[in-house]
$ cat upload_6.txt   # compact mmCIF, C-alpha atoms
# COMPACT_ATOMS: atom_id res chain seq x y z
CA MET A 11 -15.77 -111.36 34.42
CA LEU A 12 -13.86 -111.25 37.69
CA ARG A 13 -10.09 -111.07 37.90
CA ALA A 14 -7.52 -110.27 40.57
CA GLU A 15 -6.36 -106.68 40.39
CA GLU A 16 -3.85 -104.59 42.33
CA PHE A 17 -1.97 -107.80 43.16
CA ARG A 18 0.80 -107.31 45.73
CA SER A 19 3.12 -109.74 47.45
CA ASP A 20 5.47 -108.73 50.29
CA THR A 21 7.36 -110.24 53.17
CA THR A 22 7.56 -108.97 56.74
CA GLU A 23 7.87 -110.31 60.30
CA ILE A 24 5.53 -110.91 63.21
CA SER A 25 7.19 -111.66 66.54
CA GLY A 26 10.36 -112.76 64.76
CA VAL A 27 8.52 -115.04 62.35
CA LYS A 28 9.00 -114.25 58.68
CA ILE A 29 5.68 -114.09 56.85
CA GLY A 30 4.47 -113.56 53.32
CA VAL A 31 1.60 -111.13 52.83
CA THR A 32 -0.40 -111.23 49.61
CA SER A 33 -3.22 -108.84 48.85
CA TYR A 34 -5.41 -108.09 45.83
CA ARG A 35 -8.87 -107.00 44.84
CA ILE A 36 -11.47 -109.28 43.28
CA GLY A 37 -14.57 -107.36 42.27
CA ASN A 38 -15.20 -104.81 44.99
CA ARG A 39 -13.55 -106.78 47.84
CA TYR A 40 -9.95 -106.68 48.91
CA HIS A 41 -8.44 -109.95 50.06
CA CYS A 42 -5.37 -110.47 52.21
CA HIS A 43 -3.57 -113.73 52.85
CA VAL A 44 -0.82 -114.23 55.44
CA ALA A 45 1.41 -117.31 55.30
CA ASN A 46 4.60 -118.34 57.03
CA ALA A 47 7.50 -117.61 54.68
CA ASP A 48 8.61 -121.21 54.83
CA PRO A 49 6.85 -123.41 53.81
CA GLY A 50 4.12 -120.92 52.92
CA ALA A 51 1.25 -122.40 54.90
CA THR A 52 -1.72 -120.20 55.66
CA ILE A 53 -1.66 -118.39 58.98
CA ALA A 54 -4.60 -116.07 58.41
CA ARG A 55 -6.80 -114.55 55.74
CA ALA A 56 -9.31 -111.74 55.72
CA ASP A 57 -11.15 -109.44 53.38
CA GLY A 58 -12.38 -105.87 53.55
CA ASP A 59 -13.74 -102.89 51.68
CA THR A 60 -10.22 -101.46 51.39
CA ARG A 61 -6.77 -103.00 51.17
CA GLU A 62 -5.85 -101.47 54.52
CA GLU A 63 -8.89 -103.00 56.20
CA ALA A 64 -8.16 -106.46 54.76
CA LEU A 65 -4.48 -106.19 55.71
CA GLN A 66 -5.21 -105.09 59.26
CA ARG A 67 -7.71 -107.88 59.85
CA ALA A 68 -5.42 -110.55 58.46
CA LEU A 69 -2.36 -109.31 60.33
CA THR A 70 -4.30 -109.12 63.60
CA LYS A 71 -5.44 -112.72 63.19
CA ALA A 72 -1.93 -113.81 62.24
CA THR A 73 -0.41 -112.09 65.26
CA GLU A 74 -2.91 -113.77 67.59
CA ARG A 75 -2.12 -117.16 66.09
CA LEU A 76 1.64 -116.79 66.11
CA THR A 77 1.81 -115.40 69.63
CA GLY A 78 -0.57 -117.98 71.07
CA ARG A 79 -3.23 -115.42 71.91
CA GLU A 80 -5.75 -117.03 69.61
CA GLU A 81 -9.16 -117.57 71.14
CA LYS A 82 -9.72 -121.28 71.74
CA THR A 83 -13.05 -122.84 70.89
CA LEU A 84 -13.96 -125.82 73.04
CA MET B 1 20.28 -126.06 27.65
CA ARG B 2 18.43 -129.05 29.05
CA THR B 3 14.67 -129.43 28.75
CA TYR B 4 12.42 -131.09 31.30
CA ALA B 5 12.43 -134.87 31.08
CA ASN B 6 8.63 -135.07 30.88
CA PRO B 7 7.50 -131.67 29.61
CA GLU B 8 4.00 -132.99 28.99
CA SER B 9 3.42 -133.09 32.76
CA LEU B 10 3.59 -129.28 32.97
CA VAL B 11 1.42 -126.68 31.24
CA SER B 12 1.52 -122.89 31.25
CA SER B 13 -1.23 -120.61 32.53
CA GLU B 14 -1.66 -119.44 28.93
CA TRP B 15 -2.27 -123.04 27.80
CA VAL B 16 -4.87 -123.50 30.54
CA ASP B 17 -6.60 -120.27 29.54
CA GLN B 18 -6.88 -121.59 25.99
CA HIS B 19 -7.92 -125.13 26.89
CA LYS B 20 -9.97 -124.76 30.08
CA ASN B 21 -13.22 -125.37 28.21
CA ASP B 22 -12.01 -128.35 26.19
CA PRO B 23 -14.41 -131.26 26.78
CA ASN B 24 -11.62 -133.69 27.65
CA VAL B 25 -9.90 -131.31 30.09
CA VAL B 26 -10.83 -130.94 33.76
CA VAL B 27 -9.10 -128.28 35.80
CA ALA B 28 -8.89 -128.84 39.56
CA GLU B 29 -7.67 -126.38 42.19
CA VAL B 30 -5.99 -127.82 45.28
CA ASP B 31 -4.80 -125.26 47.81
CA VAL B 32 -3.00 -125.26 51.12
CA ASP B 33 -5.50 -122.61 52.06
CA THR B 34 -8.78 -124.41 51.56
CA ALA B 35 -10.74 -121.13 51.54
CA ALA B 36 -8.93 -119.74 48.51
CA TYR B 37 -11.10 -121.51 45.92
CA ASP B 38 -14.24 -119.77 47.18
CA GLU B 39 -12.63 -116.39 46.73
CA GLY B 40 -12.42 -116.91 42.97
CA HIS B 41 -11.02 -119.65 40.74
CA ILE B 42 -10.37 -120.49 37.10
CA PRO B 43 -13.73 -120.63 35.28
CA GLY B 44 -14.89 -124.24 35.15
CA ALA B 45 -12.36 -125.44 37.72
CA ILE B 46 -13.47 -127.78 40.45
CA GLY B 47 -12.02 -127.47 43.96
CA TRP B 48 -10.59 -130.33 45.99
CA ASN B 49 -9.96 -130.02 49.72
CA TRP B 50 -6.74 -131.78 50.72
CA GLN B 51 -7.82 -132.06 54.34
CA THR B 52 -11.06 -133.92 53.62
CA GLN B 53 -10.96 -135.23 50.05
CA LEU B 54 -7.38 -136.26 49.33
CA CYS B 55 -6.69 -138.41 52.35
CA ASP B 56 -8.28 -141.03 54.53
CA THR B 57 -10.01 -138.98 57.23
CA VAL B 58 -10.14 -141.84 59.76
CA ARG B 59 -6.75 -143.53 59.70
CA ARG B 60 -3.60 -141.75 58.57
CA ASP B 61 -3.31 -142.70 54.91
CA ILE B 62 -3.71 -141.50 51.37
CA ILE B 63 -7.15 -141.53 49.78
CA SER B 64 -8.55 -145.01 49.32
CA LYS B 65 -9.17 -146.48 45.87
CA ALA B 66 -12.94 -146.38 46.39
CA ASN B 67 -12.93 -142.77 47.57
CA LEU B 68 -10.68 -141.66 44.72
CA GLU B 69 -12.98 -143.34 42.21
CA GLU B 70 -15.95 -141.51 43.71
CA LEU B 71 -14.09 -138.17 43.82
CA LEU B 72 -13.09 -138.44 40.17
CA THR B 73 -16.51 -139.75 39.13
CA LYS B 74 -18.36 -136.84 40.69
CA SER B 75 -15.73 -134.43 39.33
CA GLY B 76 -16.65 -135.44 35.79
CA ILE B 77 -13.32 -137.14 35.22
CA GLY B 78 -13.04 -140.27 33.11
CA ASN B 79 -10.05 -142.55 32.70
CA ASN B 80 -8.97 -140.68 29.57
CA THR B 81 -9.54 -137.15 30.87
CA THR B 82 -6.65 -134.70 30.96
CA ILE B 83 -6.52 -133.43 34.54
CA ILE B 84 -4.90 -130.05 35.10
CA LEU B 85 -3.94 -129.37 38.71
CA TYR B 86 -3.08 -126.00 40.14
CA GLY B 87 -2.96 -124.45 43.58
CA ASP B 88 -1.48 -121.82 45.80
CA ASN B 89 2.05 -121.63 47.21
CA ASN B 90 4.11 -123.02 44.33
CA ASN B 91 1.52 -125.74 43.63
CA TRP B 92 2.36 -127.39 46.93
CA PHE B 93 -0.87 -129.35 47.32
CA ALA B 94 -1.46 -129.65 43.60
CA ALA B 95 1.67 -131.80 43.68
CA TRP B 96 0.18 -133.82 46.54
CA ALA B 97 -2.85 -134.55 44.35
CA PHE B 98 -0.59 -135.29 41.36
CA TRP B 99 1.42 -137.84 43.37
CA GLN B 100 -1.71 -139.68 44.44
CA LEU B 101 -3.25 -139.66 40.98
CA LYS B 102 -0.04 -141.08 39.53
CA MET B 103 0.06 -143.76 42.22
CA TYR B 104 -3.45 -144.77 41.23
CA GLY B 105 -2.33 -144.84 37.61
CA HIS B 106 -4.18 -141.93 36.01
CA LYS B 107 -2.58 -141.51 32.60
CA ASP B 108 -2.81 -137.81 31.80
CA VAL B 109 -2.37 -135.45 34.72
CA ARG B 110 -0.46 -132.18 34.49
CA ILE B 111 0.42 -129.25 36.70
CA MET B 112 -0.13 -125.62 35.73
CA ASN B 113 3.23 -123.92 36.11
CA GLY B 114 3.12 -121.07 38.64
CA GLY B 115 -0.22 -122.18 40.04
CA ARG B 116 -2.81 -119.87 41.52
CA LYS B 117 -0.37 -117.08 42.32
CA LYS B 118 0.70 -116.67 38.70
CA TRP B 119 -2.88 -116.87 37.42
CA LEU B 120 -3.93 -114.09 39.80
CA ALA B 121 -0.83 -111.99 39.18
CA GLU B 122 -1.46 -112.16 35.43
CA GLY B 123 -4.99 -110.86 35.94
CA ARG B 124 -6.59 -113.84 34.23
CA SER B 125 -10.32 -114.46 34.53
CA LEU B 126 -11.85 -115.80 37.73
CA THR B 127 -15.29 -116.93 38.80
CA LYS B 128 -17.07 -117.82 42.01
CA GLU B 129 -19.38 -120.22 40.20
CA VAL B 130 -18.94 -123.82 41.28
CA PRO B 131 -19.42 -126.20 38.34
CA SER B 132 -21.74 -129.20 38.48
CA PRO B 133 -19.95 -131.84 36.41
CA LYS B 134 -21.77 -134.77 34.87
CA ARG B 135 -20.92 -137.99 36.71
CA THR B 136 -18.66 -140.49 35.03
CA MET B 137 -17.73 -144.08 35.93
CA TYR B 138 -14.09 -143.73 36.91
CA GLN B 139 -12.23 -146.97 37.55
CA VAL B 140 -8.75 -147.15 39.03
CA MET B 141 -6.77 -149.50 36.81
CA GLY B 142 -3.65 -150.10 38.90
CA PHE B 143 -1.42 -148.92 41.70
CA ASN B 144 2.19 -147.76 41.41
CA GLU B 145 3.63 -148.83 44.76
CA LYS B 146 7.09 -147.70 43.70
CA TYR B 147 6.17 -144.05 44.23
CA ARG B 148 5.62 -144.52 47.97
CA THR B 149 7.98 -145.53 50.76
CA PHE B 150 7.10 -146.72 54.25
CA MET B 151 9.05 -146.42 57.50
CA ARG B 152 10.47 -149.97 57.45
CA GLN B 153 11.87 -149.35 53.97
CA VAL B 154 13.47 -146.12 55.15
CA GLU B 155 15.16 -147.96 58.02
CA LYS B 156 16.81 -150.25 55.47
CA ALA B 157 17.50 -147.50 52.94
CA MET B 158 19.45 -145.33 55.42
CA LYS B 159 22.07 -148.07 55.62
CA ASP B 160 22.21 -148.69 51.86
CA LYS B 161 24.59 -146.69 49.65
CA ASN B 162 22.28 -147.12 46.69
CA TYR B 163 19.73 -144.90 48.38
CA VAL B 164 19.71 -141.22 49.20
CA LEU B 165 17.24 -139.52 51.50
CA VAL B 166 16.22 -135.93 50.75
CA ASP B 167 14.82 -133.87 53.61
CA VAL B 168 12.85 -131.06 51.97
CA ARG B 169 11.86 -129.18 55.14
CA SER B 170 13.24 -125.82 56.15
CA PRO B 171 16.82 -125.65 57.50
CA ASP B 172 15.53 -125.01 61.05
CA GLU B 173 13.37 -128.12 60.95
CA PHE B 174 16.27 -130.14 59.53
CA THR B 175 18.69 -129.12 62.27
CA GLY B 176 16.12 -129.64 65.00
CA LYS B 177 15.95 -126.01 66.04
CA ILE B 178 12.16 -126.11 65.57
CA LEU B 179 9.72 -129.03 65.55
CA SER B 180 7.37 -127.59 62.94
CA PRO B 181 6.96 -124.37 60.95
CA PRO B 182 5.42 -121.46 62.86
CA GLY B 183 1.66 -121.66 63.21
CA LEU B 184 1.26 -125.26 62.11
CA PRO B 185 -0.28 -127.91 64.33
CA GLU B 186 1.32 -131.19 63.26
CA THR B 187 4.42 -131.69 65.34
CA CYS B 188 6.64 -134.38 66.85
CA GLN B 189 8.46 -135.42 70.00
CA ARG B 190 11.98 -134.96 68.67
CA GLY B 191 13.57 -132.50 66.28
CA GLY B 192 16.28 -133.25 63.73
CA HIS B 193 16.46 -135.42 60.66
CA ILE B 194 16.93 -138.99 59.50
CA PRO B 195 20.66 -139.79 59.67
CA GLY B 196 22.40 -139.23 56.35
CA ALA B 197 19.59 -137.23 54.78
CA LYS B 198 20.48 -134.34 52.49
CA SER B 199 18.81 -130.99 53.17
CA ILE B 200 17.25 -129.48 50.05
CA PRO B 201 14.21 -127.36 50.99
CA TRP B 202 11.38 -127.96 48.52
CA GLY B 203 10.82 -124.29 47.68
CA GLN B 204 14.30 -124.03 46.19
CA ALA B 205 12.90 -125.76 43.13
CA CYS B 206 10.74 -122.72 42.35
CA ASN B 207 11.16 -119.17 41.15
CA GLU B 208 9.66 -116.15 42.90
CA ASP B 209 6.60 -116.22 40.63
CA GLY B 210 5.84 -119.83 41.61
CA THR B 211 7.06 -121.42 38.38
CA PHE B 212 9.59 -124.23 38.41
CA LYS B 213 13.24 -123.45 37.88
CA SER B 214 14.85 -124.54 34.64
CA ALA B 215 16.02 -128.12 34.14
CA ASP B 216 19.63 -126.97 34.34
CA GLU B 217 19.06 -125.14 37.62
CA LEU B 218 17.18 -128.10 39.08
CA GLU B 219 19.86 -130.55 38.03
CA THR B 220 22.52 -128.42 39.71
CA LEU B 221 20.40 -128.03 42.84
CA TYR B 222 20.07 -131.77 43.40
CA THR B 223 23.29 -133.19 42.00
CA SER B 224 25.39 -130.70 43.99
CA LYS B 225 24.05 -132.37 47.14
CA GLY B 226 24.66 -135.90 45.93
CA VAL B 227 21.10 -136.53 44.82
CA THR B 228 21.87 -138.12 41.47
CA PRO B 229 19.80 -140.23 39.08
CA ASP B 230 21.84 -143.38 39.70
CA LYS B 231 20.50 -143.47 43.28
CA ASN B 232 17.14 -144.58 44.63
CA VAL B 233 15.83 -141.29 45.96
CA ILE B 234 13.43 -141.03 48.91
CA ALA B 235 11.99 -137.60 49.67
CA TYR B 236 10.39 -136.73 52.99
CA CYS B 237 9.21 -133.67 54.91
CA ARG B 238 6.87 -133.32 57.89
CA ILE B 239 3.56 -134.78 56.70
CA GLY B 240 4.43 -135.87 53.17
CA GLU B 241 3.09 -132.96 51.11
CA ARG B 242 6.18 -130.83 50.56
CA SER B 243 8.01 -134.01 49.63
CA SER B 244 5.38 -134.85 47.01
CA HIS B 245 6.40 -131.58 45.34
CA THR B 246 10.05 -132.64 45.33
CA TRP B 247 8.94 -136.07 44.11
CA TYR B 248 7.22 -134.34 41.16
CA VAL B 249 10.35 -132.35 40.34
CA LEU B 250 12.72 -135.33 40.46
CA ASN B 251 10.36 -137.81 38.83
CA ASN B 252 8.76 -135.65 36.16
CA LEU B 253 10.96 -132.64 35.47
CA LEU B 254 14.35 -134.30 35.88
CA GLY B 255 13.24 -137.83 35.02
CA TYR B 256 15.09 -139.64 37.79
CA PRO B 257 14.22 -143.33 37.39
CA THR B 258 13.56 -144.24 41.02
CA VAL B 259 11.99 -141.62 43.24
CA SER B 260 9.54 -142.20 46.06
CA ASN B 261 7.80 -140.18 48.72
CA TYR B 262 8.01 -141.21 52.37
CA ASP B 263 4.73 -139.59 53.35
CA GLY B 264 4.94 -140.76 56.96
CA SER B 265 7.78 -138.24 57.09
CA TRP B 266 8.97 -136.47 60.21
CA THR B 267 5.67 -136.64 62.09
CA GLU B 268 6.16 -140.41 61.99
CA TRP B 269 9.95 -140.67 62.36
CA GLY B 270 10.23 -137.92 64.99
CA ASN B 271 7.65 -139.66 67.14
CA LEU B 272 9.06 -143.19 66.89
CA VAL B 273 10.46 -144.69 70.08
CA GLY B 274 14.07 -145.61 69.50
CA ALA B 275 14.41 -144.17 66.01
CA GLU B 276 17.84 -142.84 65.12
CA VAL B 277 17.90 -139.06 64.88
CA GLU B 278 20.63 -136.74 63.72
CA LYS B 279 20.69 -133.11 64.83
CA GLY B 280 22.46 -130.12 63.34
CA THR B 281 23.55 -129.57 59.77
$ encode --input "upload_6.txt" --output "structure tokens"
Amino acid sequence: MLRAEEFRSDTTEISGVKIGVTSYRIGNRYHCHVANADPGATIARADGDTREEALQRALTKATERLTGREEKTL
Amino acid sequence: MRTYANPESLVSSEWVDQHKNDPNVVVAEVDVDTAAYDEGHIPGAIGWNWQTQLCDTVRRDIISKANLEELLTKSGIGNNTTIILYGDNNNWFAAWAFWQLKMYGHKDVRIMNGGRKKWLAEGRSLTKEVPSPKRTMYQVMGFNEKYRTFMRQVEKAMKDKNYVLVDVRSPDEFTGKILSPPGLPETCQRGGHIPGAKSIPWGQACNEDGTFKSADELETLYTSKGVTPDKNVIAYCRIGERSSHTWYVLNNLLGYPTVSNYDGSWTEWGNLVGAEVEKGT
């Protein structure tokens, strides 16, 4: 049976924007979710083999989105 | 110490763990983050996507009667089923689903206190298996118009002392400093708020673990700003979802007699030509 383990929830800032960062492991994958602190809408999510990998991927995506450097798909 | 006015509309994660396999109970996850369900969800829970399944995808509107009947039918929900809603971020979009189900008159719908965050944090069981419910024949039996407010009604209400408008957006959205929260696409032409509205951000109704604050704390939160049960309360936000959460709190947990959700909210009002706008606190 799966369950979330090593659950962590923190707040930080990207380019002056307060964000909530949640990470945990389900099975053998680490998941990371980045949301704006208010109202808590998803900015980015990613997974990885380690918590650090999941965090880095999610924070990179979040930074791109919040700073307008996100790749546009036409 | 006060208790919630309608405690039956709220269940604990422990209750859901014990009753998730009951034949008359259907658990549905509704997240802001529509990818969260696929990551792992409560065993047996179905997933509803608020962007495609809980609205009209052509015109701006709530889900139609026919589409709701089909959604509930294929979700294995009958008219007498107990629906348990839960989701991420303080049950934000679970409340959106709750509001619509109550408008369409479903009798027994409840929210799991603390939502997805609490379930995960407690290390309760998850699955990636998507259930295949047996189809039912769901029939909407009525429509509670009183739970919804439209723009023309708001224009009248803002001049009527028997009404109070509650703006549940963040303080920066309320003052007009920003047009929408960082990273979100739905915006408007003008920032500010509807004249006379009281600012009570929706998240203030919740604790850090995602559960709702006590009845006493909630009563203080709203009455201290003049949002009292003798008034007709209209909640609004940006696109109508955060305000459905406040609607749930006022209607179900505090039992205010007349509460409605102006789901057109700021993306309607802030784009209207000639609409009165107030800026600042």
$ closest_residue --input "upload_6.txt" --among "B:Met103, B:Ile234, B:Trp96, B:Asn89" --to "Lys156 in chain B" --atoms "all atoms listed in the file"
B:Ile234
$ interface_residues --input "upload_6.txt" --of "chain B" --to "chain A" --cutoff "12 Å" --atoms "only C-alpha atoms" --output "compact mmCIF listing (two decimals) with C-alpha atoms, in the frame of the given file"
# COMPACT_ATOMS: atom_id res chain seq x y z
CA ASP B 31 -4.80 -125.26 47.81
CA VAL B 32 -3.00 -125.26 51.12
CA ASP B 33 -5.50 -122.61 52.06
CA THR B 34 -8.78 -124.41 51.56
CA ALA B 35 -10.74 -121.13 51.54
CA ALA B 36 -8.93 -119.74 48.51
CA ASP B 38 -14.24 -119.77 47.18
CA GLU B 39 -12.63 -116.39 46.73
CA GLY B 40 -12.42 -116.91 42.97
CA HIS B 41 -11.02 -119.65 40.74
CA ILE B 42 -10.37 -120.49 37.10
CA PRO B 43 -13.73 -120.63 35.28
CA ASP B 88 -1.48 -121.82 45.80
CA ASN B 89 2.05 -121.63 47.21
CA ASN B 90 4.11 -123.02 44.33
CA ASN B 91 1.52 -125.74 43.63
CA TRP B 92 2.36 -127.39 46.93
CA PHE B 93 -0.87 -129.35 47.32
CA ARG B 116 -2.81 -119.87 41.52
CA LYS B 117 -0.37 -117.08 42.32
CA LYS B 118 0.70 -116.67 38.70
CA TRP B 119 -2.88 -116.87 37.42
CA LEU B 120 -3.93 -114.09 39.80
CA ALA B 121 -0.83 -111.99 39.18
CA GLU B 122 -1.46 -112.16 35.43
CA GLY B 123 -4.99 -110.86 35.94
CA ARG B 124 -6.59 -113.84 34.23
CA SER B 125 -10.32 -114.46 34.53
CA LEU B 126 -11.85 -115.80 37.73
CA THR B 127 -15.29 -116.93 38.80
CA LYS B 128 -17.07 -117.82 42.01
CA GLU B 129 -19.38 -120.22 40.20
CA VAL B 168 12.85 -131.06 51.97
CA ARG B 169 11.86 -129.18 55.14
CA SER B 170 13.24 -125.82 56.15
CA PRO B 171 16.82 -125.65 57.50
CA ASP B 172 15.53 -125.01 61.05
CA GLU B 173 13.37 -128.12 60.95
CA SER B 180 7.37 -127.59 62.94
CA PRO B 181 6.96 -124.37 60.95
CA PRO B 182 5.42 -121.46 62.86
CA GLY B 183 1.66 -121.66 63.21
CA LEU B 184 1.26 -125.26 62.11
CA PRO B 185 -0.28 -127.91 64.33
CA PRO B 201 14.21 -127.36 50.99
CA TRP B 202 11.38 -127.96 48.52
CA GLY B 203 10.82 -124.29 47.68
CA GLN B 204 14.30 -124.03 46.19
CA GLU B 208 9.66 -116.15 42.90
CA ASP B 209 6.60 -116.22 40.63
CA GLY B 210 5.84 -119.83 41.61
CA CYS B 237 9.21 -133.67 54.91
CA ARG B 238 6.87 -133.32 57.89
CA GLU B 241 3.09 -132.96 51.11
CA ARG B 242 6.18 -130.83 50.56
CA SER B 243 8.01 -134.01 49.63
CA HIS B 245 6.40 -131.58 45.34
$ residues_around --input "upload_6.txt" --residues "Ala235 in chain B" --least-positions-apart "5" --cutoff "10 Å" --atoms "only C-alpha atoms" --output "short mmCIF file (atom, residue, chain, number, x, y, z; two decimals) with C-alpha atoms, in the coordinates of the input"
data_model
loop_
_atom_site.label_atom_id
_atom_site.label_comp_id
_atom_site.auth_asym_id
_atom_site.auth_seq_id
_atom_site.Cartn_x
_atom_site.Cartn_y
_atom_site.Cartn_z
CA ARG B 148 5.62 -144.52 47.97
CA THR B 149 7.98 -145.53 50.76
CA VAL B 164 19.71 -141.22 49.20
CA LEU B 165 17.24 -139.52 51.50
CA VAL B 166 16.22 -135.93 50.75
CA ASP B 167 14.82 -133.87 53.61
CA VAL B 168 12.85 -131.06 51.97
CA ALA B 197 19.59 -137.23 54.78
CA LYS B 198 20.48 -134.34 52.49
CA ILE B 200 17.25 -129.48 50.05
CA TRP B 202 11.38 -127.96 48.52
CA GLY B 240 4.43 -135.87 53.17
CA ARG B 242 6.18 -130.83 50.56
CA SER B 243 8.01 -134.01 49.63
CA SER B 244 5.38 -134.85 47.01
CA HIS B 245 6.40 -131.58 45.34
CA THR B 246 10.05 -132.64 45.33
CA TRP B 247 8.94 -136.07 44.11
CA LEU B 250 12.72 -135.33 40.46
CA VAL B 259 11.99 -141.62 43.24
CA SER B 260 9.54 -142.20 46.06
CA ASN B 261 7.80 -140.18 48.72
CA TYR B 262 8.01 -141.21 52.37
CA ASP B 263 4.73 -139.59 53.35
CA SER B 265 7.78 -138.24 57.09
#
$ atom_distance --input "upload_6.txt" --atom1 "CA of Arg135 in chain B" --atom2 "CA of Tyr147 in chain B"
28.8 Å
$ atom_distance --input "upload_6.txt" --atom1 "CA of Ala5 in chain B" --atom2 "CA of His19 in chain B"
22.9 Å
$ atom_distance --input "upload_6.txt" --atom1 "CA of Pro257 in chain B" --atom2 "CA of Tyr236 in chain B"
17.4 Å
